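A.B. asks: Input protein-v3.csv, format and content: CSV, C-alpha atoms.
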chain,number,residue,atom,x,y,z
W,1108,GLY,CA,-28.8,59.8,-14.7
W,1109,TRP,CA,-32.5,60.6,-14.9
W,1110,ARG,CA,-33.4,63.8,-16.7
W,1111,LYS,CA,-36.7,65.5,-17.7
W,1112,PHE,CA,-37.5,65.5,-21.4
W,1113,LEU,CA,-40.2,67.0,-23.6
W,1114,ILE,CA,-41.3,64.8,-26.5
W,1115,LYS,CA,-41.1,67.5,-29.2
W,1116,SER,CA,-42.0,65.4,-32.3
W,1117,GLY,CA,-42.4,61.9,-33.7
W,1118,ILE,CA,-42.6,60.5,-37.2
W,1119,GLU,CA,-43.3,57.0,-38.5
W,1120,THR,CA,-40.4,55.7,-40.5
W,1121,THR,CA,-38.5,52.5,-41.4
W,1122,ALA,CA,-35.1,51.4,-40.0
W,1123,LYS,CA,-32.3,50.2,-42.3
W,1124,SER,CA,-33.1,46.7,-41.1
W,1125,GLY,CA,-36.6,47.1,-42.5
W,1126,ASN,CA,-38.4,47.3,-39.2
W,1127,GLU,CA,-41.2,49.9,-38.8
W,1128,MET,CA,-40.2,52.4,-36.1
W,1129,ILE,CA,-41.0,55.9,-34.7
W,1130,GLU,CA,-38.3,58.5,-34.7
W,1131,PHE,CA,-38.9,60.8,-31.7
W,1132,VAL,CA,-37.2,64.0,-30.8
W,1133,PHE,CA,-36.7,64.5,-27.1
W,1134,VAL,CA,-35.6,67.9,-25.7
W,1135,ASP,CA,-33.7,68.0,-22.4
W,1136,ASP,CA,-35.7,70.4,-20.2
W,1137,LYS,CA,-32.7,71.9,-18.6
W,1138,THR,CA,-30.2,72.2,-21.5
W,1139,GLN,CA,-32.7,72.3,-24.4
W,1140,TYR,CA,-30.4,69.7,-26.2
W,1141,GLU,CA,-32.4,67.7,-28.8
W,1142,GLU,CA,-31.9,64.0,-29.0
W,1143,LYS,CA,-33.3,61.6,-31.6
W,1144,VAL,CA,-34.8,58.5,-30.0
W,1145,TYR,CA,-35.8,55.5,-32.1
W,1146,ALA,CA,-38.5,53.1,-31.0
W,1147,VAL,CA,-39.2,50.0,-33.0
W,1148,SER,CA,-43.0,49.4,-33.5
W,1149,VAL,CA,-42.8,45.7,-34.6
W,1150,PRO,CA,-44.3,43.1,-32.4
W,1151,LYS,CA,-41.9,41.4,-29.9
W,1152,LYS,CA,-39.4,44.3,-30.5
W,1153,ARG,CA,-41.4,47.3,-29.3
W,1154,TRP,CA,-40.5,47.2,-25.6
W,1155,PHE,CA,-39.0,50.8,-25.8
W,1156,LEU,CA,-42.1,52.2,-27.5
W,1157,LYS,CA,-44.3,50.6,-24.8
W,1158,ARG,CA,-42.1,52.3,-22.2
W,1159,ILE,CA,-42.6,55.6,-23.8
W,1160,LEU,CA,-46.4,55.1,-24.0
W,1161,GLU,CA,-46.5,54.0,-20.3
W,1162,ALA,CA,-44.4,57.1,-19.4
W,1163,CYS,CA,-47.1,59.2,-21.1
W,1164,ASN,CA,-49.9,57.4,-19.2
W,1165,ILE,CA,-51.2,55.6,-22.2
W,1166,ALA,CA,-52.3,52.1,-21.0
W,1167,ALA,CA,-52.7,49.0,-23.0
W,1168,ALA,CA,-56.1,47.5,-23.5
W,1169,GLN,CA,-57.1,44.2,-21.8
W,1170,ASP,CA,-55.7,42.3,-24.8
W,1171,GLY,CA,-52.4,44.1,-24.4
W,1172,VAL,CA,-52.8,46.2,-27.5
W,1173,TYR,CA,-52.1,49.9,-27.4
W,1174,GLU,CA,-54.6,52.2,-29.1
W,1175,TRP,CA,-52.9,55.5,-29.5
W,1176,GLU,CA,-52.0,58.4,-31.8
W,1177,LEU,CA,-48.7,60.3,-32.0
W,1178,SER,CA,-50.6,63.5,-31.0
W,1179,GLN,CA,-51.1,61.9,-27.5
W,1180,VAL,CA,-47.4,61.8,-26.8
W,1181,ILE,CA,-46.2,64.9,-28.6
W,1182,GLY,CA,-45.8,67.7,-26.0
W,1183,GLN,CA,-45.7,65.3,-23.0
W,1184,TYR,CA,-42.9,65.5,-20.4
W,1185,ILE,CA,-41.2,62.2,-19.3
W,1186,MET,CA,-38.1,61.2,-17.5
W,1187,GLY,CA,-35.2,59.7,-19.5
W,1188,LEU,CA,-32.3,57.7,-18.3
W,1189,VAL,CA,-29.1,59.1,-19.9
W,1190,GLU,CA,-26.1,56.9,-20.0
W,1191,HIS,CA,-22.6,57.9,-21.2
W,1192,SER,CA,-20.2,55.4,-22.8
W,1193,PRO,CA,-16.9,55.7,-24.7
W,1194,ASN,CA,-17.3,55.8,-28.5
W,1195,LYS,CA,-14.9,55.6,-31.4
W,1196,TYR,CA,-16.0,57.1,-34.6
W,1197,ILE,CA,-14.7,58.4,-38.0
W,1198,ASP,CA,-15.1,62.2,-38.4
W,1199,ARG,CA,-15.9,63.9,-41.7
W,1200,SER,CA,-12.2,64.2,-42.6
W,1201,GLY,CA,-11.7,60.5,-42.2
W,1202,MET,CA,-9.8,60.7,-38.9
W,1203,GLU,CA,-10.6,58.2,-36.1
W,1204,ARG,CA,-11.8,60.0,-33.0
W,1205,GLU,CA,-12.6,58.9,-29.5
W,1206,GLY,CA,-15.3,60.6,-27.4
W,1207,VAL,CA,-18.2,60.0,-25.1
W,1208,GLN,CA,-21.6,59.1,-26.5
W,1209,SER,CA,-24.8,59.9,-24.5
W,1210,LYS,CA,-27.8,57.8,-25.1
W,1211,ILE,CA,-31.3,57.6,-23.6
W,1212,THR,CA,-31.6,54.0,-22.6
W,1213,ASP,CA,-34.9,54.0,-20.6
W,1214,VAL,CA,-37.9,56.2,-19.9
W,1215,ARG,CA,-40.5,56.5,-17.1
W,1216,GLU,CA,-43.3,58.7,-15.9
W,1217,ILE,CA,-42.5,61.8,-14.0
W,1218,THR,CA,-43.2,61.2,-10.3
W,1219,GLN,CA,-44.1,63.6,-7.5
W,1220,GLU,CA,-40.6,63.1,-6.1
W,1221,ASP,CA,-39.2,64.4,-9.4
W,1222,GLU,CA,-41.4,67.5,-9.3
W,1223,LYS,CA,-40.5,68.2,-5.7
W,1224,ALA,CA,-36.7,67.9,-6.5
W,1225,TRP,CA,-37.1,70.6,-9.3
W,1226,GLU,CA,-38.8,73.0,-6.9
W,1227,GLU,CA,-36.0,72.9,-4.4
Could you express the structure from this file as structure tokens?
C.D. replies:
Amino acid sequence: GWRKFLIKSGIETTAKSGNEMIEFVFVDDKTQYEEKVYAVSVPKKRWFLKRILEACNIAAAQDGVYEWELSQVIGQYIMGLVEHSPNKYIDRSGMEREGVQSKITDVREITQEDEKAWEE
């Protein structure tokens, strides 16, 4: 479901695929759990980065280009959609394990309804 997150940090880096991206650290406001979130910054692949910027009230210019700095999003609170799915993985000892993986799949701006729900 939807949860409140603080954008703690962000660094520009390159994915294994060679795409430029930003590695954000989101902190769950309730549990303080830190989650790394990767947003590709390459044209036609940066939909998630645009969603993060929109959630932080950073609008695109008339030509659709976003003019922004990391400092404008660090320290901002946003809502993140957390989805849970089964996950198979190999642990450090080489054993196959099965568990549940949580992942932030979407983000949005915090609404007045969100704020009201936390007060209750």
A.B. asks: Would you pick out the contacts of range 1210-1226 of chain W at 8 Å or less, using all atoms listed in the file, so that residues sharing its chain but fewer than 4 positions from it are not included, and give the list as number ranges by chain?
C.D. replies: W: 1111, 1144, 1155, 1158-1159, 1161-1164, 1184-1191
A.B. asks: Would you save the residues of that selection, restricted to C-alpha atoms, as a compact mmCIF listing (two decimals), in the coordinates of the input?
C.D. replies:
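Below is the file part20.txt, written as the result:
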# COMPACT_ATOMS: atom_id res chain seq x y z
CA LYS W 1111 -36.70 65.50 -17.70
CA VAL W 1144 -34.80 58.50 -30.00
CA PHE W 1155 -39.00 50.80 -25.80
CA ARG W 1158 -42.10 52.30 -22.20
CA ILE W 1159 -42.60 55.60 -23.80
CA GLU W 1161 -46.50 54.00 -20.30
CA ALA W 1162 -44.40 57.10 -19.40
CA CYS W 1163 -47.10 59.20 -21.10
CA ASN W 1164 -49.90 57.40 -19.20
CA TYR W 1184 -42.90 65.50 -20.40
CA ILE W 1185 -41.20 62.20 -19.30
CA MET W 1186 -38.10 61.20 -17.50
CA GLY W 1187 -35.20 59.70 -19.50
CA LEU W 1188 -32.30 57.70 -18.30
CA VAL W 1189 -29.10 59.10 -19.90
CA GLU W 1190 -26.10 56.90 -20.00
CA HIS W 1191 -22.60 57.90 -21.20
A.B. asks: One number please: CA of Glu1127 in chain W to CA of Val1147 in chain W, in Å, one decimal.
C.D. replies: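 These atoms are spaced 6.1 Å apart.
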A.B. asks: Any idea what the distance is between CA of Leu1177 in chain W and CA of Thr1121 in chain W?
C.D. replies: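 Pair CA of Leu1177 in chain W / CA of Thr1121 in chain W returns 15.9 Å.
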A.B. asks: CA of Phe1131 in chain W and CA of Ser1209 in chain W, how far apart in Å?
C.D. replies: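 Going from CA of Ser1209 in chain W over to CA of Phe1131 in chain W covers 15.9 Å.
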A.B. asks: Let me make sure I understand: among W:Val1149, W:Glu1174, W:Gly1108, W:Tyr1140, which one has the smallest atom-to-atom distance to Ala1122 in chain W if we use only C-alpha atoms?
C.D. replies: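 Answer, going by the shortest atom-to-atom distance: W:Val1149.
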A.B. asks: So which residues fall inside 7 Å of (-48.3, 51.9, -27.8) if we count all atoms listed in the file? Mind giving them as a list of chain:residue names?
C.D. replies: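 Every polymer residue passing the test: W:Leu1156, W:Lys1157, W:Leu1160, W:Tyr1173, W:Glu1174, W:Trp1175.
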A.B. asks: Which is closer to Glu1142 in chain W than all the others in W:Val1180, W:Ile1129, W:Ile1114, W:Met1202, using only C-alpha atoms?
C.D. replies: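 Looking at the shortest contact to Glu1142 in chain W, the residue is W:Ile1114.
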A.B. asks: Nearest to Gln1139 in chain W: which of W:Gly1206, W:Phe1112, W:Thr1120, W:Lys1195 is it, counting all atoms listed in the file?
C.D. replies: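 With all atoms listed in the file as the atom set, the closest residue is W:Phe1112.
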A.B. asks: Select, from W:Thr1138, W:Gln1169, W:Gln1179, W:Ser1148, the residue with the minimum atom-to-atom distance to Ser1116 in chain W, counting all atoms listed in the file.
C.D. replies: W:Gln1179
A.B. asks: Box along x, y and z, 4 Å on every side, all listed atoms of range 1109-1128 of chain W inside: centre and edge lengths in Å to one decimal, as JSON.
C.D. replies:
{"center_x": -37.8, "center_y": 57.1, "center_z": -28.7, "size_x": 19.0, "size_y": 28.8, "size_z": 35.6}
